[in-house]
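Chemist: CSV, C-alpha atoms and all ligand atoms, file query_3.csv:
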chain,number,residue,atom,x,y,z
A,1,MET,CA,-1.3,-8.1,2.3
A,2,SER,CA,0.3,-5.8,-0.3
A,3,THR,CA,-1.8,-3.3,-2.2
A,4,ARG,CA,-3.4,-4.7,-5.4
A,5,HIS,CA,-3.5,-2.6,-8.5
A,6,PHE,CA,-5.3,-3.0,-11.8
A,7,LEU,CA,-2.9,-1.7,-14.5
A,8,SER,CA,-3.2,-4.6,-16.8
A,9,MET,CA,-5.4,-7.8,-17.2
A,10,LEU,CA,-2.3,-9.7,-16.0
A,11,ASP,CA,-2.5,-8.1,-12.5
A,12,PHE,CA,-5.4,-10.5,-11.8
A,13,THR,CA,-5.6,-14.2,-12.1
A,14,PRO,CA,-8.1,-15.6,-14.6
A,15,GLU,CA,-10.3,-16.7,-11.7
A,16,GLU,CA,-10.3,-13.2,-10.3
A,17,LEU,CA,-11.1,-11.7,-13.7
A,18,SER,CA,-14.0,-14.1,-14.1
A,19,GLY,CA,-15.2,-13.3,-10.6
A,20,VAL,CA,-15.2,-9.5,-11.4
A,21,VAL,CA,-17.1,-10.2,-14.6
A,22,ARG,CA,-19.7,-12.3,-12.8
A,23,ARG,CA,-20.1,-9.7,-10.0
A,24,GLY,CA,-20.5,-7.0,-12.7
A,25,ILE,CA,-23.5,-9.0,-14.1
A,26,GLU,CA,-24.9,-9.4,-10.6
A,27,LEU,CA,-24.5,-5.7,-9.8
A,28,LYS,CA,-26.2,-4.8,-13.1
A,29,LYS,CA,-29.2,-6.9,-12.1
A,30,LEU,CA,-29.3,-5.5,-8.6
A,31,ARG,CA,-29.3,-2.0,-10.0
A,32,ASN,CA,-32.1,-2.8,-12.5
A,33,ASP,CA,-34.1,-4.2,-9.6
A,34,ASN,CA,-33.5,-1.0,-7.7
A,35,VAL,CA,-31.6,-2.7,-4.9
A,36,LEU,CA,-29.1,-0.4,-3.2
A,37,ILE,CA,-25.6,-1.9,-2.6
A,38,GLU,CA,-23.4,0.6,-0.7
A,39,PRO,CA,-20.3,-1.1,0.5
A,40,LEU,CA,-18.0,1.9,-0.3
A,41,LYS,CA,-19.6,4.4,2.1
A,42,GLN,CA,-17.1,7.2,3.0
A,43,ARG,CA,-14.7,5.8,0.4
A,44,VAL,CA,-13.2,8.2,-2.1
A,45,LEU,CA,-11.8,7.5,-5.5
A,46,GLY,CA,-9.4,10.1,-7.1
A,47,MET,CA,-9.5,10.2,-10.9
A,48,ILE,CA,-6.6,11.8,-12.7
A,49,PHE,CA,-7.3,12.5,-16.3
A,50,GLU,CA,-4.5,13.6,-18.7
A,51,LYS,CA,-6.6,12.7,-21.7
A,52,SER,CA,-10.3,13.3,-22.5
A,53,SER,CA,-13.0,10.9,-21.5
A,54,THR,CA,-16.8,10.5,-21.4
A,55,ARG,CA,-17.4,6.8,-20.6
A,56,THR,CA,-14.5,6.2,-18.2
A,57,ARG,CA,-15.1,9.4,-16.2
A,58,LEU,CA,-18.9,8.9,-16.0
A,59,SER,CA,-18.7,5.2,-15.2
A,60,PHE,CA,-16.2,5.6,-12.4
A,61,GLU,CA,-17.9,8.6,-10.9
A,62,ALA,CA,-21.4,7.2,-11.1
A,63,GLY,CA,-20.2,3.9,-10.0
A,64,MET,CA,-18.6,5.3,-6.8
A,65,ILE,CA,-21.7,7.3,-6.0
A,66,GLN,CA,-23.9,4.2,-6.5
A,67,LEU,CA,-21.7,2.1,-4.2
A,68,GLY,CA,-22.1,4.8,-1.5
A,69,GLY,CA,-18.8,6.6,-2.0
A,70,GLN,CA,-17.5,9.6,-3.9
A,71,ALA,CA,-15.2,10.3,-6.8
A,72,ILE,CA,-13.0,13.4,-7.3
A,73,PHE,CA,-12.1,14.5,-10.8
A,74,LEU,CA,-8.5,15.7,-11.0
A,75,SER,CA,-7.5,17.3,-14.3
A,76,SER,CA,-3.8,17.3,-14.9
A,77,ARG,CA,-4.2,20.9,-16.0
A,78,ASP,CA,-5.3,22.0,-12.5
A,79,THR,CA,-3.1,19.9,-10.2
A,80,GLN,CA,0.5,20.2,-9.4
A,81,LEU,CA,1.1,17.0,-11.3
A,82,GLY,CA,0.5,19.0,-14.5
A,83,ARG,CA,3.1,21.6,-13.3
A,84,GLY,CA,5.8,19.0,-12.9
A,85,GLU,CA,5.4,17.7,-9.3
A,86,PRO,CA,7.0,14.3,-9.5
A,87,THR,CA,4.7,11.3,-10.0
A,88,ASP,CA,6.0,9.5,-6.9
A,89,ASP,CA,5.5,12.5,-4.7
A,90,SER,CA,2.0,12.9,-5.9
A,91,ALA,CA,1.3,9.2,-5.4
A,92,ARG,CA,2.5,9.4,-1.8
A,93,VAL,CA,0.4,12.4,-1.0
A,94,MET,CA,-2.8,11.4,-2.9
A,95,SER,CA,-2.8,7.9,-1.6
A,96,ARG,CA,-2.8,9.1,2.0
A,97,MET,CA,-6.1,10.9,1.4
A,98,LEU,CA,-7.9,8.6,-1.1
A,99,ASP,CA,-9.1,5.0,-1.0
A,100,ALA,CA,-8.2,4.3,-4.7
A,101,VAL,CA,-6.8,6.2,-7.6
A,102,MET,CA,-7.8,5.9,-11.3
A,103,ILE,CA,-5.4,7.4,-13.9
A,104,ARG,CA,-5.8,8.0,-17.6
A,105,THR,CA,-2.5,8.9,-19.0
A,106,PHE,CA,-0.1,8.7,-21.9
A,107,ALA,CA,3.1,6.7,-20.9
A,108,HIS,CA,2.2,3.5,-19.1
A,109,SER,CA,5.3,4.1,-16.9
A,110,THR,CA,3.3,7.0,-15.2
A,111,LEU,CA,0.9,4.3,-13.9
A,112,THR,CA,3.6,1.9,-12.8
A,113,GLU,CA,5.6,4.7,-11.1
A,114,PHE,CA,2.5,6.0,-9.3
A,115,ALA,CA,1.5,2.5,-8.2
A,116,ALA,CA,5.0,1.8,-6.9
A,117,CYS,CA,4.5,4.7,-4.4
A,118,SER,CA,0.8,4.4,-3.7
A,119,ARG,CA,-0.6,3.0,-0.5
A,120,VAL,CA,-4.0,2.4,-2.2
A,121,PRO,CA,-5.1,0.6,-5.3
A,122,VAL,CA,-4.3,2.2,-8.7
A,123,ILE,CA,-6.5,1.6,-11.7
A,124,ASN,CA,-5.5,2.0,-15.3
A,125,GLY,CA,-8.2,4.2,-16.9
A,126,LEU,CA,-6.3,3.9,-20.2
A,127,SER,CA,-2.6,4.4,-21.1
A,128,ASP,CA,-0.9,4.4,-24.5
A,129,ASP,CA,-0.2,0.7,-23.9
A,130,LEU,CA,-3.4,-0.7,-22.3
A,131,HIS,CA,-7.1,-0.2,-21.6
A,132,PRO,CA,-7.9,-3.1,-19.2
A,133,CYS,CA,-11.2,-1.6,-17.7
A,134,GLN,CA,-12.7,-1.6,-21.2
A,135,LEU,CA,-11.8,-5.3,-21.5
A,136,LEU,CA,-13.7,-6.1,-18.3
A,137,ALA,CA,-16.8,-4.5,-19.9
A,138,ASP,CA,-16.2,-6.3,-23.2
A,139,MET,CA,-15.9,-9.7,-21.4
A,140,GLN,CA,-19.0,-9.0,-19.4
A,141,THR,CA,-20.9,-8.1,-22.6
A,142,PHE,CA,-19.8,-11.3,-24.4
A,143,ALA,CA,-20.7,-13.4,-21.4
A,144,GLU,CA,-24.2,-11.8,-21.1
A,145,HIS,CA,-24.9,-12.3,-24.8
A,146,ARG,CA,-23.1,-15.6,-25.6
A,147,GLY,CA,-21.8,-17.2,-22.4
A,148,SER,CA,-18.2,-18.4,-22.1
A,149,ILE,CA,-15.6,-16.9,-24.5
A,150,LYS,CA,-13.2,-19.7,-23.9
A,151,GLY,CA,-12.0,-21.3,-27.2
A,152,LYS,CA,-13.9,-18.7,-29.3
A,153,THR,CA,-12.4,-16.7,-32.1
A,154,VAL,CA,-12.1,-12.9,-31.7
A,155,THR,CA,-11.0,-10.7,-34.5
A,156,TRP,CA,-9.4,-7.3,-33.9
A,157,VAL,CA,-9.5,-5.1,-37.0
A,158,GLY,CA,-7.5,-1.9,-36.8
A,159,ASP,CA,-4.6,-0.3,-34.9
A,160,GLY,CA,-2.2,-2.5,-32.9
A,161,HIS,CA,-2.5,0.0,-30.0
A,162,ASN,CA,-3.8,0.1,-26.4
A,163,MET,CA,-7.1,-1.7,-27.0
A,164,CYS,CA,-5.5,-4.4,-29.2
A,165,ASN,CA,-2.8,-5.0,-26.6
A,166,SER,CA,-5.5,-5.4,-23.9
A,167,TYR,CA,-7.3,-7.9,-26.2
A,168,ILE,CA,-4.1,-9.9,-26.4
A,169,GLU,CA,-3.9,-10.0,-22.6
A,170,ALA,CA,-7.6,-10.9,-22.4
A,171,ALA,CA,-7.0,-13.8,-24.9
A,172,VAL,CA,-4.4,-15.2,-22.5
A,173,GLN,CA,-6.5,-14.7,-19.4
A,174,PHE,CA,-9.8,-15.8,-20.9
A,175,ASP,CA,-8.4,-18.4,-23.2
A,176,PHE,CA,-9.7,-17.4,-26.6
A,177,ASN,CA,-8.1,-17.1,-30.0
A,178,LEU,CA,-7.3,-13.6,-31.4
A,179,ARG,CA,-6.8,-12.7,-35.0
A,180,ILE,CA,-5.3,-9.2,-35.5
A,181,CYS,CA,-5.8,-7.5,-38.8
A,182,CYS,CA,-3.8,-4.3,-39.0
A,183,PRO,CA,-1.7,-2.5,-41.7
A,184,LYS,CA,2.0,-3.3,-41.9
A,185,GLY,CA,3.9,-1.3,-39.4
A,186,TYR,CA,0.9,-1.0,-37.0
A,187,GLU,CA,1.2,-4.3,-35.3
A,188,PRO,CA,1.1,-4.5,-31.5
A,189,PRO,CA,4.6,-4.3,-29.9
A,190,ALA,CA,6.6,-7.6,-30.1
A,191,ARG,CA,6.3,-8.2,-26.3
A,192,PHE,CA,2.5,-8.4,-26.6
A,193,LEU,CA,2.7,-10.7,-29.6
A,194,GLN,CA,5.1,-12.9,-27.7
A,195,LEU,CA,2.8,-12.9,-24.7
A,196,GLY,CA,-0.2,-14.0,-26.9
A,197,GLY,CA,1.9,-16.9,-28.4
A,198,GLU,CA,-0.1,-19.4,-30.4
A,199,ARG,CA,-3.4,-17.8,-29.3
A,200,VAL,CA,-2.7,-14.7,-31.4
A,201,SER,CA,-2.2,-14.5,-35.2
A,202,LEU,CA,-1.7,-11.7,-37.6
A,203,VAL,CA,-4.0,-11.9,-40.6
A,204,ARG,CA,-3.6,-9.2,-43.2
A,205,ASP,CA,-6.8,-9.7,-45.3
A,206,PRO,CA,-9.8,-8.4,-43.3
A,207,ARG,CA,-12.1,-10.9,-45.1
A,208,GLU,CA,-9.9,-13.8,-44.0
A,209,ALA,CA,-9.5,-12.3,-40.5
A,210,VAL,CA,-13.2,-12.2,-39.8
A,211,ALA,CA,-14.2,-15.5,-41.4
A,212,GLY,CA,-16.1,-17.5,-38.8
A,213,ALA,CA,-15.3,-15.1,-36.0
A,214,HIS,CA,-17.5,-15.0,-32.9
A,215,LEU,CA,-16.6,-11.5,-32.0
A,216,VAL,CA,-15.4,-8.7,-34.3
A,217,THR,CA,-14.1,-5.5,-32.7
A,218,THR,CA,-12.3,-2.4,-33.7
A,219,ASP,CA,-11.3,1.1,-32.4
A,220,VAL,CA,-10.5,4.5,-33.8
A,221,TRP,CA,-7.6,4.6,-36.3
A,222,THR,CA,-6.1,7.6,-34.6
A,223,SER,CA,-5.9,7.4,-30.8
A,224,MET,CA,-5.5,10.2,-28.4
A,225,GLY,CA,-1.9,11.5,-28.7
A,226,GLN,CA,-1.6,10.5,-32.4
A,227,GLU,CA,-3.6,13.4,-33.8
A,228,GLU,CA,-0.7,14.6,-36.0
A,229,GLU,CA,-0.7,11.2,-37.9
A,230,ALA,CA,-4.5,11.3,-38.6
A,231,ALA,CA,-4.3,12.1,-42.3
A,232,GLN,CA,-1.7,9.4,-43.0
A,233,ARG,CA,-3.6,6.9,-40.9
A,234,LEU,CA,-6.9,7.6,-42.8
A,235,GLU,CA,-5.1,6.4,-46.0
A,236,LEU,CA,-3.3,3.5,-44.5
A,237,PHE,CA,-6.3,2.0,-42.7
A,238,ALA,CA,-8.9,2.7,-45.4
A,239,ALA,CA,-9.2,-1.0,-46.4
A,240,LEU,CA,-10.0,-2.0,-42.8
A,241,GLN,CA,-13.4,-0.5,-42.4
A,242,VAL,CA,-15.8,-2.8,-40.6
A,243,ASN,CA,-19.2,-2.9,-42.3
A,244,ARG,CA,-22.2,-5.1,-42.6
A,245,ALA,CA,-20.8,-7.0,-45.6
A,246,LEU,CA,-17.6,-7.8,-43.7
A,247,LEU,CA,-19.5,-9.0,-40.7
A,248,ASP,CA,-21.6,-11.3,-43.0
A,249,LEU,CA,-18.4,-13.4,-43.4
A,250,ALA,CA,-18.2,-14.0,-39.6
A,251,ALA,CA,-20.0,-16.7,-37.6
A,252,LYS,CA,-23.8,-16.4,-37.9
A,253,ASP,CA,-24.1,-15.4,-34.2
A,254,VAL,CA,-21.1,-12.9,-34.4
A,255,LEU,CA,-21.2,-9.9,-32.0
A,256,PHE,CA,-19.7,-6.6,-33.0
A,257,MET,CA,-18.1,-4.4,-30.3
A,258,HIS,CA,-16.5,-0.9,-30.4
A,259,CYS,CA,-15.1,0.7,-27.2
A,260,LEU,CA,-16.3,4.1,-28.5
A,261,PRO,CA,-16.0,6.9,-29.3
A,262,ALA,CA,-16.6,5.8,-33.0
A,263,HIS,CA,-15.9,7.6,-36.2
A,264,ARG,CA,-18.6,6.5,-38.6
A,265,GLY,CA,-17.4,6.4,-42.1
A,266,GLU,CA,-13.8,5.6,-41.0
A,267,GLU,CA,-13.2,2.4,-38.9
A,268,ILE,CA,-16.9,1.5,-39.1
A,269,SER,CA,-19.6,2.2,-41.8
A,270,GLN,CA,-22.3,4.7,-41.0
A,271,ASP,CA,-24.8,2.1,-40.2
A,272,LEU,CA,-22.8,-0.5,-38.2
A,273,LEU,CA,-23.8,0.5,-34.7
A,274,ASP,CA,-27.4,0.1,-35.7
A,275,ASP,CA,-26.9,-3.4,-36.9
A,276,PRO,CA,-28.5,-6.1,-34.7
A,277,ARG,CA,-25.1,-7.8,-34.4
A,278,SER,CA,-23.7,-4.7,-32.7
A,279,VAL,CA,-23.7,-4.6,-28.9
A,280,ALA,CA,-21.8,-1.4,-28.5
A,281,TRP,CA,-24.4,0.3,-26.3
A,282,ASP,CA,-24.5,-2.6,-23.9
A,283,GLN,CA,-20.8,-2.7,-23.9
A,284,ALA,CA,-20.6,1.1,-23.0
A,285,GLU,CA,-23.2,0.6,-20.2
A,286,ASN,CA,-21.2,-2.4,-18.9
A,287,ARG,CA,-18.3,0.0,-18.1
A,288,LEU,CA,-20.4,1.0,-15.1
A,289,HIS,CA,-21.2,-2.4,-13.8
A,290,ALA,CA,-17.9,-4.1,-14.5
A,291,GLN,CA,-16.0,-1.2,-12.8
A,292,LYS,CA,-18.3,-1.2,-9.8
A,293,ALA,CA,-17.3,-4.9,-9.4
A,294,LEU,CA,-13.6,-3.9,-9.8
A,295,LEU,CA,-13.9,-1.1,-7.2
A,296,GLU,CA,-15.6,-3.4,-4.8
A,297,PHE,CA,-12.9,-6.0,-5.3
A,298,LEU,CA,-10.0,-3.6,-4.9
A,299,ILE,CA,-11.4,-1.3,-2.1
A,300,GLN,CA,-13.2,-4.0,-0.1
A,301,PRO,CA,-10.8,-6.9,-0.1
A,302,GLY,CA,-13.0,-8.7,2.4
A,303,ALA,CA,-15.8,-8.8,-0.2
A,304,ARG,CA,-13.8,-10.2,-3.1
A,305,PRO,CA,-15.6,-12.6,-5.3
A,306,ALA,CA,-13.4,-15.8,-5.5
A,401,LIG,N1,-14.1,3.7,-24.3
A,401,LIG,C1,-13.7,4.7,-23.5
A,401,LIG,O1,-12.8,4.5,-22.7
A,401,LIG,O2,-14.3,5.9,-23.6
A,401,LIG,P1,-13.9,7.3,-23.1
A,401,LIG,O3,-12.7,7.7,-23.8
A,401,LIG,O4,-15.1,8.2,-23.4
A,401,LIG,O5,-13.7,7.2,-21.6
A,402,LIG,N1,-7.5,3.8,-28.7
A,402,LIG,C1,-8.3,4.9,-28.2
A,402,LIG,C2,-9.2,4.4,-27.2
A,402,LIG,C3,-10.2,5.4,-26.7
A,402,LIG,C4,-11.1,4.9,-25.6
A,402,LIG,C5,-7.4,6.0,-27.7
A,402,LIG,O1,-6.4,5.7,-27.0
A,402,LIG,O2,-7.7,7.1,-28.0
Let me see the file written as structure tokens.
Ligand code: CP
Ligand code: NVA
Modeler:
Amino acid sequence: MSTRHFLSMLDFTPEELSGVVRRGIELKKLRNDNVLIEPLKQRVLGMIFEKSSTRTRLSFEAGMIQLGGQAIFLSSRDTQLGRGEPTDDSARVMSRMLDAVMIRTFAHSTLTEFAACSRVPVINGLSDDLHPCQLLADMQTFAEHRGSIKGKTVTWVGDGHNMCNSYIEAAVQFDFNLRICCPKGYEPPARFLQLGGERVSLVRDPREAVAGAHLVTTDVWTSMGQEEEAAQRLELFAALQVNRALLDLAAKDVLFMHCLPAHRGEEISQDLLDDPRSVAWDQAENRLHAQKALLEFLIQPGARPA
């Protein structure tokens, strides 16, 4: 069987994604009940980081340890990758020593090039295009709080960048409607909008975009790698701050999510993460559980949830 990778939500079938989410919920309960599950003994995950991270690094590292394995942090500054060793050579070498590789990078092509030469599963820990691991946690969080997301309305407020693109892929795979509210010129790339088809709509007015929504979510206005545009983005996105008054226009049982890190006073008001409708801390915690399910699925094919 050929090596499976998780570079995008589209790499798994909807059934496989739902299975991973269900297993994440199960693994969370087992951990809370102090039950040890160690299917990945002696297994090693390599984690290549070309960008900063708190949640992604911690959740993968802690997750591997909890599953009985180990994780090795590889900063691009300290490896030969950072000094120009070709991606495919690195993939060939690393994948002979590791059981899986997680990569956080800039160009998505780095991931696809690495995966093409890797003998072991490659996981996208965020690229400029996509952040699928975050979506596993977001889908788990919605499922825990509200049940099935199928047919619900989700509103993305903010930049049409990696998180938004992954929301489009999730809308297709989990069958929900997605409204995207972003400034002109900051829409997701056309290929993602085409993929979303009728499930995805662009709504310019944030009040109209959140009206009746079951989930409202946002992200920083300036992503990693866009730092030079920060001042301009602050001005352009100013009308898109998510605050309590805006959430009041959504469905009564709306949830608010933010992948974090957050900039209070910019994309969200100072108080929004303390609002009872916000589930951002559960969402952050679920990175751990959802990715443990992902690691189990990819590294232990025999134990795949169907
Ligand atoms: N949400 C997320 O990926 O956080 P980190 O950048 O801290 O990993
Ligand atoms: N869009 C953000 C997500 C951080 C988790 C970034 O790429 O910096």
Chemist: Determine, counting only C-alpha atoms, every residue of protein, DNA or RNA that lies within 9 Å of (-26.8, -15.7, -32.0) in the file coordinates, then give the result as number ranges by chain.
Modeler: A: 145-146, 251-255, 277
Chemist: If I take atom CA of Thr54 of chain A and atom CA of Pro132 of chain A, how far is one from the other in Å, to one decimal?
Modeler: 16.4 Å
Chemist: Can I get the residues close to ligand LIG 402 (chain A) as a ChimeraX atom specification, where close means within 12 Å and we count all atoms listed in the file?
Modeler: /A:50-57,104-108,125-135,158-167,218-227,230,258-263,267,284,287
Chemist: For the contact check between segment 104-156 of chain A and segment 24-48 of chain A, emit one row per residue of segment 104-156 of chain A within 10 Å, containing the shortest atom pair and the distance in Å rounded to one decimal, counting all atoms listed in the file, chain then rising number order, as CSV.
Modeler:
residue,atom,partner,partner_atom,distance
A:Arg104,CA,A:Ile48,CA,6.3
A:Thr105,CA,A:Ile48,CA,8.1
A:Val120,CA,A:Leu45,CA,9.9
A:Pro121,CA,A:Leu45,CA,9.6
A:Val122,CA,A:Gly46,CA,9.5
A:Ile123,CA,A:Met47,CA,9.1
A:Gly125,CA,A:Met47,CA,8.6
A:Leu136,CA,A:Gly24,CA,8.9
A:Ala137,CA,A:Gly24,CA,8.5
A:Gln140,CA,A:Ile25,CA,7.0
A:Thr141,CA,A:Ile25,CA,8.9
A:Ala143,CA,A:Ile25,CA,9.0
A:Glu144,CA,A:Ile25,CA,7.6
Chemist: At what distance in Å, to one decimal, does atom CA of Cys181 of chain A lie from atom CA of Glu229 of chain A?
Modeler: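 Separating atom CA of Glu229 of chain A from atom CA of Cys181 of chain A is a distance of 19.4 Å.
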Chemist: List the residues sitting within 10 Å of (6.6, 7.9, -10.5) in the file's frame, using only C-alpha atoms, as a list in words.
Modeler: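 The residues near that point, listed by chain and number, are Glu85, Pro86, Thr87, Asp88, Asp89, Ser90, Ala91, Arg92, Ser109, Thr110, Leu111, Thr112, Glu113, Phe114, Ala115, Ala116, Cys117 and Ser118 of chain A.
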Chemist: Find, counting only C-alpha atoms and all ligand atoms, the residue in A:Gly82, A:Met257, A:Arg233, A:Val20 that gets nearest to ligand LIG 401 (chain A).
Modeler: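 Ranked by minimum distance to ligand LIG 401 (chain A), first place goes to A:Met257.
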Chemist: I need the residue nearest ligand LIG 401 (chain A) from this list: A:Glu285, A:Glu16, A:Asp175, A:Glu296. Use all atoms listed in the file for the distance.
Modeler: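 Using all atoms listed in the file, the shortest distance to ligand LIG 401 (chain A) belongs to A:Glu285.
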Chemist: Restricting the calculation to all atoms listed in the file: of A:Ala231, A:Leu178, A:Leu98, A:Ile268, which residue gets closest to Leu247 of chain A?
Modeler: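 Going through A:Ala231, A:Leu178, A:Leu98, A:Ile268 one by one, the smallest distance to Leu247 of chain A is for A:Ile268.
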Chemist: Pick from A:Leu193, A:Ile65, A:Arg244, A:Leu249: nearest to Arg207 of chain A, with all atoms listed in the file counted?
Modeler: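 Among A:Leu193, A:Ile65, A:Arg244, A:Leu249, it is A:Leu249 that comes nearest to Arg207 of chain A.
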Chemist: In Å, how far is it from atom O5 of ligand LIG 401 (chain A) to atom CA of Phe60 of chain A?
Modeler: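 Separating atom O5 of ligand LIG 401 (chain A) from atom CA of Phe60 of chain A is a distance of 9.7 Å.
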Chemist: Could you check which of A:Glu169, A:Ala280, A:Arg264, A:Pro183 is closest to ligand LIG 401 (chain A), using all atoms listed in the file?
Modeler: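 With all atoms listed in the file as the atom set, the closest residue is A:Ala280.
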Chemist: My list of candidates is A:Leu288, A:Ala293, A:Arg23, A:Gly196. Which is closest to ligand LIG 401 (chain A) when distances are computed with only C-alpha atoms and all ligand atoms?
Modeler: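 Among the listed residues, the smallest separation from ligand LIG 401 (chain A) belongs to A:Leu288.
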